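Structure data (mmCIF, C-alpha atoms (C1' of nucleotides)) from start15.cif:
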data_protein
#
loop_
_atom_site.label_atom_id
_atom_site.label_comp_id
_atom_site.auth_asym_id
_atom_site.auth_seq_id
_atom_site.Cartn_x
_atom_site.Cartn_y
_atom_site.Cartn_z
CA MET A 415 25.44 1.24 -4.29
CA GLU A 416 23.57 -0.84 -6.83
CA SER A 417 25.44 -4.08 -6.62
CA GLY A 418 24.43 -5.04 -3.10
CA MET A 419 22.39 -8.10 -2.37
CA ILE A 420 22.58 -8.30 1.38
CA SER A 421 23.24 -5.70 4.06
CA VAL A 422 24.13 -6.30 7.67
CA ASP A 423 23.50 -3.45 10.11
CA LYS A 424 23.44 -1.10 7.17
CA TRP A 425 20.27 0.58 6.03
CA SER A 426 20.81 2.51 2.86
CA SER A 427 18.90 1.47 -0.24
CA GLY A 428 19.98 -1.05 -2.82
CA SER A 429 19.95 -4.39 -1.06
CA GLN A 430 17.54 -7.27 -1.38
CA ALA A 431 17.73 -8.41 2.21
CA TYR A 432 18.65 -6.58 5.38
CA PHE A 433 20.00 -8.14 8.57
CA LEU A 434 20.08 -6.60 12.02
CA THR A 435 22.46 -8.07 14.60
CA HIS A 436 21.08 -6.25 17.65
CA LEU A 437 19.19 -3.18 18.73
CA HIS A 438 21.89 -0.82 19.95
CA ALA A 439 21.71 2.58 18.38
CA ASP A 440 25.12 2.43 16.73
CA HIS A 441 23.90 -0.50 14.64
CA THR A 442 20.48 0.88 13.77
CA ALA A 443 21.51 4.30 12.50
CA GLY A 444 19.38 4.82 9.42
CA LEU A 445 16.60 2.50 10.52
CA SER A 446 13.33 4.13 11.41
CA SER A 447 9.66 3.46 11.87
CA THR A 448 9.03 4.38 8.26
CA TRP A 449 11.23 1.59 6.95
CA ASN A 450 10.10 0.41 3.53
CA ARG A 451 13.14 -1.15 1.92
CA GLY A 452 11.96 -4.69 2.26
CA PRO A 453 12.30 -7.63 4.61
CA LEU A 454 14.46 -7.21 7.65
CA PHE A 455 15.90 -10.29 9.32
CA CYS A 456 16.63 -10.47 13.02
CA SER A 457 16.46 -12.79 16.00
CA ARG A 458 13.18 -13.61 17.73
CA LEU A 459 14.08 -11.57 20.77
CA THR A 460 15.10 -8.57 18.69
CA ALA A 461 11.77 -8.81 16.90
CA LYS A 462 10.01 -8.80 20.21
CA LEU A 463 11.86 -5.69 21.36
CA PHE A 464 11.52 -3.97 18.03
CA PRO A 465 8.33 -2.00 18.72
CA CYS A 466 9.93 -0.45 21.81
CA LYS A 467 12.69 1.03 19.72
CA PHE A 468 10.67 1.76 16.59
CA PRO A 469 7.03 2.31 17.44
CA GLY A 470 4.93 2.29 14.31
CA PHE A 471 7.35 0.07 12.40
CA ASP A 472 5.56 -2.24 9.99
CA LEU A 473 6.20 -5.51 11.81
CA SER A 474 5.11 -7.56 8.82
CA LEU A 475 8.48 -6.67 7.33
CA LEU A 476 10.35 -8.49 10.07
CA ARG A 477 11.64 -11.98 9.35
CA VAL A 478 12.55 -13.92 12.43
CA LEU A 479 15.57 -16.19 12.18
CA ASP A 480 15.60 -18.78 14.90
CA ILE A 481 19.01 -19.29 16.40
CA GLY A 482 20.85 -22.30 15.05
CA CYS A 483 18.53 -22.90 12.09
CA TRP A 484 19.54 -22.51 8.50
CA HIS A 485 17.36 -20.26 6.42
CA SER A 486 17.46 -20.11 2.65
CA LEU A 487 17.07 -17.02 0.56
CA SER A 488 16.79 -16.72 -3.15
CA LEU A 489 18.38 -13.56 -4.39
CA ILE A 490 19.07 -12.09 -7.76
CA THR A 491 22.65 -11.70 -8.84
CA PRO A 492 22.85 -8.10 -10.02
CA SER A 493 25.32 -8.71 -12.79
CA SER A 494 23.73 -11.72 -14.46
CA GLY A 495 20.14 -11.44 -13.35
CA SER A 496 20.08 -15.08 -12.39
CA THR A 497 18.96 -16.29 -9.03
CA ALA A 498 21.44 -17.23 -6.38
CA ALA A 499 20.76 -19.30 -3.29
CA VAL A 500 22.09 -18.01 -0.01
CA SER A 501 21.82 -19.73 3.34
CA VAL A 502 22.07 -17.91 6.61
CA LYS A 503 22.24 -19.04 10.18
CA ALA A 504 21.90 -16.85 13.28
CA ILE A 505 24.08 -17.68 16.27
CA ASP A 506 23.91 -16.14 19.73
CA ALA A 507 26.46 -13.36 20.04
CA GLN A 508 26.30 -12.98 23.85
CA HIS A 509 26.45 -9.22 23.54
CA CYS A 510 23.03 -8.04 24.62
CA PRO A 511 19.55 -9.60 24.57
CA GLY A 512 18.65 -10.66 21.07
CA SER A 513 22.12 -10.12 19.65
CA VAL A 514 23.25 -12.59 17.01
CA MET A 515 26.03 -13.26 14.54
CA TYR A 516 25.14 -14.21 10.97
CA LEU A 517 26.85 -16.97 9.09
CA PHE A 518 26.24 -16.82 5.33
CA ARG A 519 26.85 -19.56 2.80
CA GLY A 520 26.44 -19.31 -0.92
CA GLU A 521 28.21 -19.52 -4.21
CA PHE A 522 30.53 -16.83 -2.96
CA GLY A 523 31.69 -19.09 -0.16
CA CYS A 524 31.28 -18.71 3.51
CA MET A 525 31.30 -15.62 5.66
CA LEU A 526 30.56 -14.74 9.23
CA PHE A 527 29.48 -11.37 10.48
CA THR A 528 29.82 -11.26 14.23
CA GLY A 529 28.08 -8.00 14.95
CA ASP A 530 29.11 -7.08 18.46
CA PHE A 531 29.93 -10.18 20.46
CA ARG A 532 31.52 -11.52 23.62
CA TRP A 533 33.30 -14.86 23.57
CA GLU A 534 33.81 -15.76 27.21
CA LYS A 535 34.24 -19.24 28.58
CA ILE A 536 32.18 -18.67 31.70
CA GLY A 537 28.60 -19.77 31.26
CA ASN A 538 27.32 -22.26 28.75
CA GLY A 539 26.31 -19.85 26.02
CA MET A 540 29.68 -19.87 24.37
CA GLU A 541 29.82 -23.67 24.20
CA ILE A 542 26.48 -23.73 22.40
CA ALA A 543 27.54 -21.03 19.97
CA ARG A 544 30.83 -22.81 19.42
CA THR A 545 29.11 -26.06 18.54
CA MET A 546 26.73 -24.28 16.20
CA LEU A 547 29.54 -22.56 14.39
CA LEU A 548 31.61 -25.71 13.98
CA ASP A 549 28.57 -27.72 12.89
CA ALA A 550 27.61 -25.10 10.39
CA LEU A 551 31.09 -24.85 8.96
CA LYS A 552 31.80 -28.56 8.97
CA ASN A 553 34.94 -28.87 6.90
CA GLU A 554 34.39 -25.77 4.91
CA THR A 555 36.67 -22.83 5.31
CA LEU A 556 35.44 -19.49 6.44
CA ASP A 557 36.38 -17.11 3.69
CA ILE A 558 35.78 -13.86 5.50
CA LEU A 559 35.26 -13.05 9.12
CA TYR A 560 33.73 -9.64 9.74
CA LEU A 561 34.82 -9.20 13.30
CA ASP A 562 33.87 -7.07 16.28
CA ASN A 563 37.36 -5.70 16.75
CA THR A 564 36.40 -3.12 19.37
CA TYR A 565 39.02 -4.36 21.82
CA CYS A 566 41.33 -6.05 19.35
CA ASN A 567 44.48 -4.93 21.06
CA PRO A 568 46.46 -6.75 23.75
CA ARG A 569 46.15 -3.76 25.99
CA TYR A 570 42.52 -4.70 26.50
CA SER A 571 42.33 -7.42 29.07
CA PHE A 572 39.40 -7.75 31.40
CA PRO A 573 37.62 -10.46 33.36
CA SER A 574 34.45 -12.39 32.71
CA ARG A 575 31.19 -10.63 33.31
CA GLU A 576 30.43 -12.98 36.14
CA LEU A 577 33.59 -12.02 37.95
CA ALA A 578 32.87 -8.35 37.37
CA ALA A 579 29.35 -8.86 38.69
CA ARG A 580 30.76 -10.46 41.80
CA GLN A 581 32.90 -7.40 42.32
CA VAL A 582 29.87 -5.15 42.06
CA VAL A 583 28.12 -7.22 44.71
CA ASP A 584 31.21 -6.93 46.92
CA ILE A 585 31.17 -3.18 46.54
CA ILE A 586 27.49 -3.03 47.45
CA ASN A 587 28.02 -5.30 50.43
CA SER A 588 30.82 -3.14 51.69
CA HIS A 589 28.43 -0.19 51.77
CA PRO A 590 25.49 -1.68 53.69
CA LYS A 591 23.97 1.67 54.59
CA HIS A 592 24.37 3.34 51.23
CA ASP A 593 22.00 3.78 48.37
CA ILE A 594 23.49 2.38 45.16
CA ILE A 595 23.22 3.85 41.69
CA ILE A 596 24.25 1.78 38.66
CA GLY A 597 24.59 3.33 35.22
CA ILE A 598 23.19 1.27 32.35
CA ASP A 599 21.93 1.70 28.79
CA SER A 600 18.52 0.94 27.38
CA LEU A 601 19.50 -2.62 26.49
CA GLY A 602 22.25 -4.80 27.88
CA LYS A 603 23.77 -5.69 31.26
CA GLU A 604 20.58 -7.41 32.42
CA ASP A 605 22.65 -10.33 33.66
CA LEU A 606 24.56 -8.00 35.94
CA LEU A 607 21.35 -6.64 37.45
CA LEU A 608 19.95 -10.14 37.88
CA TYR A 609 23.14 -11.28 39.54
CA ILE A 610 22.94 -8.42 42.02
CA SER A 611 19.27 -8.98 42.65
CA ARG A 612 19.76 -12.66 43.35
CA ALA A 613 22.93 -12.29 45.39
CA LEU A 614 21.44 -9.65 47.67
CA ASN A 615 17.87 -10.83 47.45
CA ILE A 616 16.58 -7.38 46.66
CA LYS A 617 14.68 -5.82 43.83
CA ILE A 618 16.35 -3.28 41.60
CA TRP A 619 14.72 -0.04 40.68
CA VAL A 620 14.66 0.88 37.00
CA TRP A 621 12.95 3.66 35.10
CA PRO A 622 9.58 2.81 33.54
CA GLU A 623 10.71 2.36 29.94
CA ARG A 624 13.45 0.06 31.13
CA LEU A 625 11.01 -2.00 33.15
CA GLN A 626 8.95 -2.50 30.03
CA ILE A 627 11.96 -3.92 28.23
CA LEU A 628 12.82 -6.15 31.18
CA HIS A 629 9.28 -7.48 31.18
CA LEU A 630 9.49 -8.24 27.47
CA LEU A 631 12.67 -10.14 28.22
CA GLY A 632 10.76 -12.22 30.72
CA PHE A 633 12.14 -10.75 33.94
CA HIS A 634 9.17 -10.07 36.14
CA ASP A 635 10.31 -10.54 39.71
CA HIS A 636 13.59 -8.74 40.13
CA PHE A 637 12.74 -5.22 39.09
CA THR A 638 10.50 -2.43 40.25
CA THR A 639 9.74 1.21 39.59
CA GLN A 640 8.92 1.85 43.22
CA THR A 641 11.77 3.69 44.85
CA SER A 642 10.71 2.75 48.36
CA LEU A 643 11.30 -0.96 47.78
CA THR A 644 15.06 -0.95 47.36
CA ARG A 645 18.33 0.86 47.88
CA VAL A 646 19.72 -0.24 44.51
CA ARG A 647 18.73 1.72 41.45
CA ALA A 648 19.80 1.30 37.84
CA VAL A 649 19.69 4.64 36.03
CA PRO A 650 20.40 5.73 32.47
CA ARG A 651 24.10 6.11 32.00
CA TYR A 652 23.77 9.63 30.68
CA SER A 653 22.20 10.69 33.96
CA PHE A 654 25.08 9.24 35.94
CA SER A 655 27.71 11.82 36.74
CA VAL A 656 29.85 13.24 39.50
CA GLU A 657 27.31 16.02 39.90
CA THR A 658 24.44 13.56 40.19
CA LEU A 659 26.26 11.58 42.86
CA GLU A 660 27.21 14.70 44.77
CA GLY A 661 23.63 15.89 44.65
CA LEU A 662 22.33 12.57 45.90
CA ASN A 663 24.86 12.56 48.70
CA SER A 664 23.45 15.79 50.03
CA LEU A 665 20.29 13.77 50.70
CA ARG A 666 21.53 10.33 51.68
CA PRO A 667 24.83 8.44 51.52
CA THR A 668 24.99 7.07 47.97
CA ILE A 669 27.64 5.46 45.82
CA GLY A 670 27.64 5.00 42.07
CA VAL A 671 28.85 1.93 40.20
CA MET A 672 29.71 2.29 36.53
CA PRO A 673 29.94 -1.09 34.83
CA SER A 674 32.13 -0.10 31.90
CA GLY A 675 34.67 2.61 31.39
CA LEU A 676 38.16 1.78 30.38
CA PRO A 677 40.46 1.51 33.33
CA TRP A 678 41.63 -1.81 31.93
CA ALA A 679 44.01 -0.24 29.50
CA GLU A 680 46.02 1.52 32.15
CA LYS A 681 48.54 -1.10 33.04
CA ALA A 682 49.28 -3.29 30.10
CA LEU A 683 51.57 -2.28 27.31
CA LYS A 684 52.08 1.37 27.90
CA ARG A 685 55.19 1.29 25.81
CA LYS A 686 54.04 1.85 22.28
CA GLY A 687 57.49 1.39 20.81
CA THR A 688 57.66 -2.14 22.05
CA LEU A 689 54.21 -2.84 20.78
CA PHE A 690 54.87 -1.75 17.27
CA GLY A 691 58.29 -3.22 17.02
CA SER A 692 57.30 -6.66 18.18
CA PHE A 693 56.37 -9.67 16.20
CA PRO A 694 52.65 -10.37 16.53
CA SER A 695 53.11 -13.98 17.51
CA ASP A 696 55.47 -13.00 20.28
CA ILE A 697 52.90 -10.98 22.16
CA LYS A 698 51.81 -12.44 25.42
CA MET A 699 48.20 -13.09 24.75
CA HIS A 700 46.78 -14.73 27.76
CA ASP A 701 44.71 -12.83 30.09
CA LEU A 702 46.29 -11.29 33.08
CA SER A 703 43.25 -11.04 35.25
CA GLY A 704 42.26 -14.53 36.19
CA ASP A 705 42.13 -13.67 39.84
CA SER A 706 39.76 -11.38 41.55
CA LYS A 707 42.27 -8.76 42.61
CA ASN A 708 41.09 -5.21 42.63
CA ILE A 709 39.55 -5.07 39.23
CA ALA A 710 37.08 -2.50 40.46
CA ARG A 711 38.54 0.94 40.74
CA ARG A 712 37.52 3.83 42.89
CA TYR A 713 37.17 6.57 40.38
CA HIS A 714 35.87 9.24 42.71
CA GLU A 715 34.80 9.64 46.31
CA TYR A 716 31.38 8.27 45.40
CA ILE A 717 32.04 6.35 42.18
CA TYR A 718 33.41 2.90 41.40
CA VAL A 719 34.19 1.67 37.90
CA VAL A 720 34.02 -2.05 37.18
CA PRO A 721 35.24 -3.51 33.89
CA TYR A 722 32.02 -5.17 32.82
CA SER A 723 32.17 -5.50 29.04
CA ASP A 724 29.75 -6.85 26.46
CA HIS A 725 32.53 -6.98 23.89
CA SER A 726 35.24 -9.60 23.69
CA CYS A 727 38.62 -8.81 25.15
CA PHE A 728 41.76 -9.45 23.17
CA SER A 729 42.38 -12.99 24.38
CA GLU A 730 38.78 -13.92 23.60
CA ILE A 731 39.08 -12.55 20.10
CA GLN A 732 42.21 -14.59 19.69
CA GLU A 733 40.48 -17.79 20.79
CA PHE A 734 37.61 -17.06 18.44
CA ILE A 735 39.94 -16.65 15.49
CA GLU A 736 41.93 -19.74 16.41
CA LEU A 737 38.70 -21.69 16.41
CA LEU A 738 37.50 -20.48 13.03
CA ARG A 739 40.75 -20.01 11.13
CA PRO A 740 39.25 -17.70 8.53
CA ILE A 741 41.01 -16.94 5.29
CA ASN A 742 40.55 -13.25 5.85
CA ILE A 743 39.44 -10.91 8.62
CA LYS A 744 37.87 -7.50 8.47
CA GLY A 745 37.24 -5.35 11.51
CA ILE A 746 33.75 -3.87 11.58
CA VAL A 747 34.70 -1.10 13.96
CA SER A 748 37.20 1.51 13.04
CA SER A 749 37.93 4.08 15.59
CA SER A 750 41.12 5.21 14.15
CA SER A 751 42.96 6.56 17.12
CA SER A 752 43.15 3.02 18.38
CA TYR A 753 42.19 1.01 15.34
CA ILE A 754 44.53 -1.66 14.21
CA ASP A 755 43.60 -4.10 11.51
CA PRO A 756 42.83 -7.46 13.16
CA CYS A 757 45.32 -8.98 10.75
CA TYR A 758 48.08 -7.05 12.43
CA TYR A 759 47.74 -9.41 15.35
CA PHE A 760 46.00 -12.35 13.79
CA GLY A 761 47.06 -12.47 10.18
CA HIS A 762 49.35 -15.36 11.05
CA LEU A 763 46.32 -17.35 12.20
CA CYS A 764 44.39 -16.91 9.00
CA GLY A 765 44.01 -19.70 6.48
CA THR A 766 46.16 -18.64 3.59
CA LYS A 767 48.18 -16.26 5.68
CA GLN A 768 49.11 -19.10 7.92
CA ALA A 769 51.08 -20.79 5.21
CA TYR A 770 52.40 -17.48 4.05
CA TRP A 771 53.54 -16.63 7.51
CA ARG A 772 55.35 -19.88 8.10
CA ILE A 773 57.33 -19.62 4.90
CA HIS A 774 57.95 -15.98 5.36
CA ARG A 775 59.23 -16.48 8.84
CA LYS A 776 61.69 -19.10 7.73
CA VAL A 777 63.02 -17.06 4.89
CA GLU A 778 63.48 -13.84 6.73
CA ASN A 779 62.93 -13.78 10.38
CA GLU A 780 63.26 -10.03 10.74
CA GLU A 781 60.46 -9.05 8.42
CA GLY A 782 57.74 -6.93 10.02
CA ILE A 783 54.11 -7.17 9.24
CA ASP A 784 53.91 -4.47 6.65
CA ARG A 785 53.71 -6.86 3.73
CA VAL A 786 50.88 -8.72 5.33
CA GLU A 787 48.99 -5.54 5.89
CA ALA A 788 49.59 -4.46 2.35
CA ASP A 789 48.23 -7.74 1.09
CA GLU A 790 45.21 -7.29 3.27
CA THR A 791 44.34 -3.94 1.87
CA LYS A 792 44.63 -5.18 -1.65
CA SER A 793 42.47 -8.20 -1.16
CA ALA A 794 39.33 -6.33 -0.34
CA GLU A 795 37.03 -4.84 -2.86
CA GLU A 796 35.86 -1.77 -1.14
CA ASN A 797 34.20 1.45 -1.97
CA THR A 798 33.18 4.36 0.12
CA ALA A 799 29.66 5.23 1.00
CA SER A 800 27.99 8.16 -0.65
CA SER A 801 30.40 10.93 0.20
CA VAL A 802 29.17 11.79 3.62
CA ALA A 803 29.73 15.30 4.77
CA GLY A 804 30.74 14.78 8.36
CA ARG A 805 34.26 13.87 9.18
CA LYS A 806 33.66 12.58 12.64
CA ARG A 807 31.23 9.74 12.32
CA LYS A 808 30.61 7.82 9.20
CA ILE A 809 29.36 4.47 8.15
CA ASP A 810 31.17 2.94 5.30
CA GLN A 811 30.09 0.20 3.05
CA VAL A 812 32.07 -2.80 2.12
CA ASP A 813 31.24 -4.87 -0.89
CA PHE A 814 32.12 -8.48 -0.95
CA LEU A 815 30.60 -10.27 -3.89
CA GLY A 816 27.42 -8.38 -3.47
CA ILE A 817 27.23 -8.56 0.27
CA ARG A 818 27.47 -5.31 2.11
CA VAL A 819 28.16 -4.77 5.71
CA SER A 820 28.50 -1.67 7.72
CA ARG A 821 31.69 -0.47 9.13
CA VAL A 822 30.56 1.42 12.14
CA SER A 823 33.12 4.02 12.70
CA LEU A 824 34.11 6.95 14.72
CA LEU A 825 36.61 8.45 12.43
CA ARG A 826 38.75 10.45 14.69
CA ARG A 827 41.76 10.34 12.47
CA LEU A 828 44.24 11.98 14.69
CA SER A 829 47.94 11.43 14.76
CA HIS A 830 49.09 8.77 17.22
CA GLY A 831 51.13 7.06 14.55
CA VAL A 832 48.78 4.11 14.49
CA LYS A 833 48.94 2.01 11.41
CA ILE A 834 45.73 2.15 9.50
CA ALA A 835 45.66 -0.53 6.92
CA HIS A 836 42.39 0.52 5.36
CA ASN A 837 42.53 3.47 3.10
CA GLU A 838 39.08 3.35 1.62
CA TYR A 839 37.92 6.39 3.51
CA LEU A 840 40.06 8.79 1.64
CA SER A 841 38.31 9.00 -1.70
"C1'" DG B 226 7.25 16.66 11.73
"C1'" DC B 227 11.02 13.52 10.10
"C1'" DG B 228 15.58 11.99 9.08
"C1'" DA B 229 20.35 12.73 9.09
"C1'" DT B 230 24.39 14.64 11.14
"C1'" DC B 231 27.28 16.66 14.73
"C1'" DA B 232 28.83 17.84 19.39
"C1'" DG B 233 29.14 16.46 23.75
"C1'" DT B 234 28.71 13.23 27.93
"C1'" DT B 235 29.78 9.16 31.11
"C1'" DC C 1362 43.29 9.61 27.81
"C1'" DA C 1363 41.50 5.30 25.78
"C1'" DC C 1364 35.28 2.87 24.14
"C1'" DA C 1365 30.36 2.19 23.44
"C1'" DA C 1366 26.07 4.02 23.58
"C1'" DC C 1367 23.41 7.60 24.04
"C1'" DT C 1368 21.10 12.59 24.22
"C1'" DG C 1369 20.17 16.84 22.44
"C1'" DA C 1370 21.00 20.68 19.15
"C1'" DT C 1371 20.86 21.84 14.49
"C1'" DC C 1372 20.11 21.64 9.58
"C1'" DG C 1373 17.57 20.52 5.43
"C1'" DC C 1374 13.35 19.04 3.63
#
Can you turn what I pasted into structure tokens?
Amino acid sequence: MESGMISVDKWSSGSQAYFLTHLHADHTAGLSSTWNRGPLFCSRLTAKLFPCKFPGFDLSLLRVLDIGCWHSLSLITPSSGSTAAVSVKAIDAQHCPGSVMYLFRGEFGCMLFTGDFRWEKIGNGMEIARTMLLDALKNETLDILYLDNTYCNPRYSFPSRELAARQVVDIINSHPKHDIIIGIDSLGKEDLLLYISRALNIKIWVWPERLQILHLLGFHDHFTTQTSLTRVRAVPRYSFSVETLEGLNSLRPTIGVMPSGLPWAEKALKRKGTLFGSFPSDIKMHDLSGDSKNIARRYHEYIYVVPYSDHSCFSEIQEFIELLRPINIKGIVSSSSSYIDPCYYFGHLCGTKQAYWRIHRKVENEEGIDRVEADETKSAEENTASSVAGRKRKIDQVDFLGIRVSRVSLLRRLSHGVKIAHNEYLS
DNA sequence: GCGATCAGTT
DNA sequence: CACAACTGATCGC
């Protein structure tokens, strides 16, 4: 607890500088309007949205980091008491408005914390982020990559958001007389709504608090709170249900579109035995869904589910890792029923592991990945957070030379026989 | 009233 | 059933 210098998306006491990647609730747990633990760094857009999420927050504590610019911090090394220079750069994470990754450089080396991110080729955002990352790294190696490993499994394959958006428009067009309900959260998926609005040349209804956020984001023309102006309404996801749709249909013909859900996992790699027995590098890693076949699924008489994701799919994670070639990777999300250490799949792409893997493969071709995983677990200096009571949800803390990041986790540690390389939760 | 945690929902 | 993101109930202060 006392050795931390920097925290990312983690809000317990003991750090000298706190970094927020984005404003979704699962990354702000512990933050509140009464925050008084010192400066909090975030992107300009996140700072702008901040008062909506935390009214009364002392905004003088916010430190805006402009995307692509290095910022220097002078921190105190807890052990020696001497000052240590740390540089940090924020890079667009393409997850939701304001979301960023943080690249840190200091005496400890180089580390990147992705927060939640999407690494898709479509659109120019990824090219810009790519250039920024490579420029920032130059020839230096990335020592640790703290990775959004939400969908770090080959069974997760889904299309670009633009393609998914096109599918939503197709669904709407094929129901010209229907009202349309789209389930969204309080932040995120704005591009989808804009795409629909532009493609159909109609406004989209949103609830008042959501309109306020959209206005802060600079979208003034495409949204309204007047029901009479449009047949397309975006509603809070928690108010989107079979019952809601059935109720609405007793008034007027209405369909619901849910841009998320997980129908993607259905097809690929059902056979777990094959998955676990296979050599990571043998897995077919390129995405199966290049074409616009029926990616949208009819989930119910009135409900369609479209795989619109703000997290990277497996092949995107792979490309990201191939680009950066980090020495080590840590997943920031552990949801144990499906959690697999990123190194299970990508250890062979990592800096030192790469050499290790090549030699190892030559010597004994049959060897599984257990040794690699074992090495992984040993290499991290980790300690558990202050013995939390709950067993379902827990945020753990990881120490790496004084830098602490959160491990956002839903610890549903059921059976499933999934390999869990990390054992730091058990103390 | 506030913050943290837990259960439950799409 | 997988997930992320969220609401609402409850508990302790």
Would you list the contacts of C:DT1368 as a list in words, taking every protein, DNA or RNA residue within 9 Å and counting all atoms listed in the file, but skipping same-chain residues closer than 6 positions in sequence?
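In the requested format, the answer is Tyr652 of chain A; DG233 and DT234 of chain B.
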Excluding same-chain residues fewer than 6 positions from stretch 226-228 of chain B, what lies within 12 Å of it counting only C-alpha atoms (C1' of nucleotides), as a PyMOL selection string?
(chain A and resi 443-449) or (chain C and resi 1372-1374)
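In this comparison, which uses all atoms listed in the file, the residue of A:Arg651, A:Lys591, A:Arg575, A:His509 approaching chain C most closely is A:Arg651.
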Enumerate, as a ChimeraX atom specification, the residues matched when the PyMOL selection byres ((chain B) within 8 of (chain A)) is run on the file above.
/B:229-231,234-235
Contact set, chain C to chain A: 9 Å, all atoms listed in the file, as a ChimeraX atom specification:
/C:1363-1368
So which residues get picked by the PyMOL selection byres ((chain A and resi 547) around 10) here, written as a PyMOL selection string?
chain A and resi 482+503-505+515+517+526+541-546+548-552+737-738
